[in-house]
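Student: Can you keep this structure in mind? I'll have questions shortly.
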Amino acid sequence: MLDTSLYEDFFFYTLKETLEKVNITHNTIIGIIKKDYDRYSEKIKIKYGIECKIIEDKFIGGLILENKNVFIDNTLKNSIEENVNKRN
């Protein structure tokens, strides 16, 4: 799934939605898995002026946003865990 255009659409939709929730500062960093970093980090830096860092592959995909006051986990791993917890 991570190699499809559907994932790319999901990724950038999630990024846009996440960025709408916070004020972007020079301290804002987007954490993404290495595969996404290789594909999208330059585009993110150019479009939003935000640096990216590589997070562990265990997060599956999606992103983590960090800055001085905010931590948002919009990774696929977190989404799956939240859905499992809701069902239990």
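Ordering of the structure tokens sets the chain letters (A, B, ...); residue numbers start at 1 within each chain; ligands are numbered from 1 in the order shown.
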Pick out the residues sitting within 7 Å of Glu51 (chain A), and hand them over as an NGL selection string; count only C-alpha atoms, and ignore anything fewer than 5 positions along from it in its own chain.
Tutor: :A and (29-30 or 45)
Student: Quick one: DSSP strand (DSSP E) residues in chain A, as a list in words?
Tutor: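 Output for chain A, strand (DSSP E) only: Ile29, Ile30, Gly31, Ile32, Ile33, Glu51, Cys52, Lys53, Ile54, Ile55, Gly62, Leu63, Ile64, Leu65, Glu66, Phe71, Ile72, Asp73, Asn74 and Thr75 of chain A.
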Student: Using only C-alpha atoms, which of A:Lys16, A:Gly31, A:Asn88, A:Asp3 sits nearest Ile64 (chain A)?
Tutor: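 Of A:Lys16, A:Gly31, A:Asn88, A:Asp3, the one nearest Ile64 (chain A), counting only C-alpha atoms, is A:Gly31.
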Student: Kindly indicate which residue among A:Gly62, A:Ile55, A:Gly49, A:Asn74 lies nearest to Thr25 (chain A), using only C-alpha atoms for the distances.
Tutor: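 Selected residue with least distance to Thr25 (chain A): A:Gly49.
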Student: Set the distance at 10 Å and use only C-alpha atoms: which residues neighbour region 33-42 of chain A once local chain neighbours fewer than 5 positions away are removed? I'd like the list as number ranges by chain.
Tutor: A: 2-3, 8, 11-12, 47-64, 75
Student: Based on the selection just made, write C-alpha atoms of those residues as an mmCIF file, in the first residue's frame.
Tutor:
data_model
loop_
_atom_site.group_PDB
_atom_site.id
_atom_site.type_symbol
_atom_site.label_atom_id
_atom_site.label_comp_id
_atom_site.auth_asym_id
_atom_site.auth_seq_id
_atom_site.Cartn_x
_atom_site.Cartn_y
_atom_site.Cartn_z
ATOM 1 C CA LEU A 2 2.822 2.443 0.785
ATOM 2 C CA ASP A 3 3.953 2.365 -2.838
ATOM 3 C CA GLU A 8 0.673 9.457 -1.487
ATOM 4 C CA PHE A 11 0.004 11.139 3.143
ATOM 5 C CA PHE A 12 -0.337 14.680 1.791
ATOM 6 C CA LYS A 47 6.109 23.691 -0.010
ATOM 7 C CA TYR A 48 5.873 24.225 3.765
ATOM 8 C CA GLY A 49 9.380 25.230 4.865
ATOM 9 C CA ILE A 50 9.461 22.378 7.370
ATOM 10 C CA GLU A 51 12.361 20.047 8.023
ATOM 11 C CA CYS A 52 11.772 16.310 8.128
ATOM 12 C CA LYS A 53 13.443 13.631 10.183
ATOM 13 C CA ILE A 54 13.409 9.866 9.838
ATOM 14 C CA ILE A 55 11.410 7.870 12.374
ATOM 15 C CA GLU A 56 11.417 4.114 12.885
ATOM 16 C CA ASP A 57 9.704 1.928 10.295
ATOM 17 C CA LYS A 58 7.541 0.450 13.074
ATOM 18 C CA PHE A 59 5.298 3.507 12.598
ATOM 19 C CA ILE A 60 4.363 2.003 9.186
ATOM 20 C CA GLY A 61 3.617 5.343 7.476
ATOM 21 C CA GLY A 62 1.897 8.663 8.015
ATOM 22 C CA LEU A 63 3.672 11.279 10.088
ATOM 23 C CA ILE A 64 4.519 12.727 13.457
ATOM 24 C CA THR A 75 1.076 7.544 11.890
#
Student: If you run DSSP over the backbone, which residues in chain A end up helix (DSSP H, G or I)? Put them as number ranges by chain.
Tutor: A: 5-19, 34-48, 57-59, 76-87
Student: Output N, CA and C atoms for every residue in that selection, as a compact mmCIF listing (two decimals), in the first residue's frame.
Tutor:
# COMPACT_ATOMS: atom_id res chain seq x y z
N SER A 5 -0.33 5.36 -5.38
CA SER A 5 -0.72 6.77 -5.43
C SER A 5 -1.77 7.07 -4.36
N LEU A 6 -2.54 6.05 -3.96
CA LEU A 6 -3.51 6.24 -2.88
C LEU A 6 -2.80 6.62 -1.58
N TYR A 7 -1.67 5.97 -1.31
CA TYR A 7 -0.92 6.30 -0.10
C TYR A 7 -0.37 7.72 -0.19
N GLU A 8 0.15 8.10 -1.34
CA GLU A 8 0.67 9.46 -1.49
C GLU A 8 -0.44 10.48 -1.26
N ASP A 9 -1.61 10.23 -1.81
CA ASP A 9 -2.75 11.13 -1.58
C ASP A 9 -3.09 11.18 -0.09
N PHE A 10 -3.14 10.01 0.55
CA PHE A 10 -3.41 9.94 1.99
C PHE A 10 -2.35 10.71 2.77
N PHE A 11 -1.09 10.51 2.43
CA PHE A 11 0.00 11.14 3.14
C PHE A 11 -0.12 12.66 3.09
N PHE A 12 -0.28 13.22 1.91
CA PHE A 12 -0.34 14.68 1.79
C PHE A 12 -1.64 15.25 2.34
N TYR A 13 -2.72 14.51 2.28
CA TYR A 13 -3.96 14.94 2.93
C TYR A 13 -3.75 14.99 4.44
N THR A 14 -3.13 13.95 5.00
CA THR A 14 -2.85 13.91 6.43
C THR A 14 -1.92 15.04 6.84
N LEU A 15 -0.90 15.30 6.04
CA LEU A 15 0.03 16.39 6.32
C LEU A 15 -0.71 17.72 6.34
N LYS A 16 -1.50 17.98 5.33
CA LYS A 16 -2.25 19.24 5.24
C LYS A 16 -3.18 19.39 6.44
N GLU A 17 -3.91 18.34 6.76
CA GLU A 17 -4.84 18.36 7.88
C GLU A 17 -4.10 18.59 9.21
N THR A 18 -2.96 17.98 9.37
CA THR A 18 -2.16 18.13 10.59
C THR A 18 -1.64 19.55 10.71
N LEU A 19 -1.13 20.10 9.63
CA LEU A 19 -0.56 21.45 9.68
C LEU A 19 -1.61 22.51 9.94
N LYS A 34 11.69 6.25 6.64
CA LYS A 34 12.75 6.50 5.65
C LYS A 34 12.25 6.50 4.22
N LYS A 35 11.39 5.56 3.89
CA LYS A 35 10.86 5.48 2.52
C LYS A 35 10.13 6.77 2.16
N ASP A 36 9.33 7.30 3.08
CA ASP A 36 8.62 8.55 2.83
C ASP A 36 9.59 9.73 2.82
N TYR A 37 10.60 9.66 3.68
CA TYR A 37 11.61 10.71 3.71
C TYR A 37 12.28 10.83 2.34
N ASP A 38 12.68 9.69 1.79
CA ASP A 38 13.34 9.70 0.49
C ASP A 38 12.43 10.25 -0.61
N ARG A 39 11.15 9.97 -0.52
CA ARG A 39 10.20 10.40 -1.55
C ARG A 39 9.67 11.82 -1.35
N TYR A 40 9.41 12.23 -0.10
CA TYR A 40 8.61 13.43 0.13
C TYR A 40 9.30 14.56 0.90
N SER A 41 10.43 14.34 1.53
CA SER A 41 10.99 15.37 2.41
C SER A 41 11.34 16.66 1.68
N GLU A 42 11.88 16.55 0.49
CA GLU A 42 12.24 17.76 -0.26
C GLU A 42 10.99 18.55 -0.65
N LYS A 43 9.95 17.85 -1.06
CA LYS A 43 8.69 18.51 -1.42
C LYS A 43 8.08 19.21 -0.21
N ILE A 44 8.14 18.58 0.96
CA ILE A 44 7.62 19.17 2.19
C ILE A 44 8.42 20.42 2.55
N LYS A 45 9.73 20.34 2.43
CA LYS A 45 10.59 21.48 2.76
C LYS A 45 10.31 22.66 1.83
N ILE A 46 10.15 22.38 0.56
CA ILE A 46 9.89 23.45 -0.41
C ILE A 46 8.51 24.05 -0.21
N LYS A 47 7.49 23.21 -0.09
CA LYS A 47 6.11 23.69 -0.01
C LYS A 47 5.78 24.34 1.33
N TYR A 48 6.27 23.75 2.44
CA TYR A 48 5.87 24.22 3.77
C TYR A 48 7.01 24.84 4.58
N ASP A 57 10.66 2.55 11.21
CA ASP A 57 9.70 1.93 10.30
C ASP A 57 8.52 1.29 11.01
N LYS A 58 8.65 1.05 12.32
CA LYS A 58 7.54 0.45 13.07
C LYS A 58 6.29 1.33 13.05
N PHE A 59 6.44 2.61 12.69
CA PHE A 59 5.30 3.51 12.60
C PHE A 59 4.49 3.29 11.32
N LEU A 76 0.26 5.58 10.77
CA LEU A 76 -0.66 4.46 10.57
C LEU A 76 -0.68 3.55 11.79
N LYS A 77 0.47 3.36 12.42
CA LYS A 77 0.55 2.53 13.61
C LYS A 77 -0.36 3.06 14.70
N ASN A 78 -0.33 4.36 14.94
CA ASN A 78 -1.16 4.97 15.96
C ASN A 78 -2.64 4.85 15.60
N SER A 79 -2.96 5.05 14.35
CA SER A 79 -4.35 4.94 13.90
C SER A 79 -4.89 3.53 14.12
N ILE A 80 -4.10 2.54 13.79
CA ILE A 80 -4.50 1.14 13.98
C ILE A 80 -4.71 0.86 15.47
N GLU A 81 -3.77 1.30 16.30
CA GLU A 81 -3.88 1.07 17.74
C GLU A 81 -5.12 1.75 18.32
N GLU A 82 -5.41 2.97 17.88
CA GLU A 82 -6.60 3.67 18.37
C GLU A 82 -7.88 2.94 17.97
N ASN A 83 -7.94 2.43 16.75
CA ASN A 83 -9.12 1.70 16.30
C ASN A 83 -9.29 0.38 17.05
N VAL A 84 -8.21 -0.30 17.32
CA VAL A 84 -8.27 -1.54 18.09
C VAL A 84 -8.76 -1.26 19.50
N ASN A 85 -8.24 -0.19 20.13
CA ASN A 85 -8.64 0.16 21.49
C ASN A 85 -10.11 0.56 21.55
N LYS A 86 -10.63 1.22 20.52
CA LYS A 86 -12.05 1.60 20.48
C LYS A 86 -12.94 0.37 20.43
N ARG A 87 -12.49 -0.67 19.75
CA ARG A 87 -13.29 -1.88 19.62
C ARG A 87 -13.27 -2.74 20.87
Student: Which residues are near Asn69 (chain A)? Cut-off 10 Å, only C-alpha atoms, ignore same chain within fewer than 4 positions. Put them as an MDAnalysis selection string.
Tutor: chainID A and resid 22:23 27:28
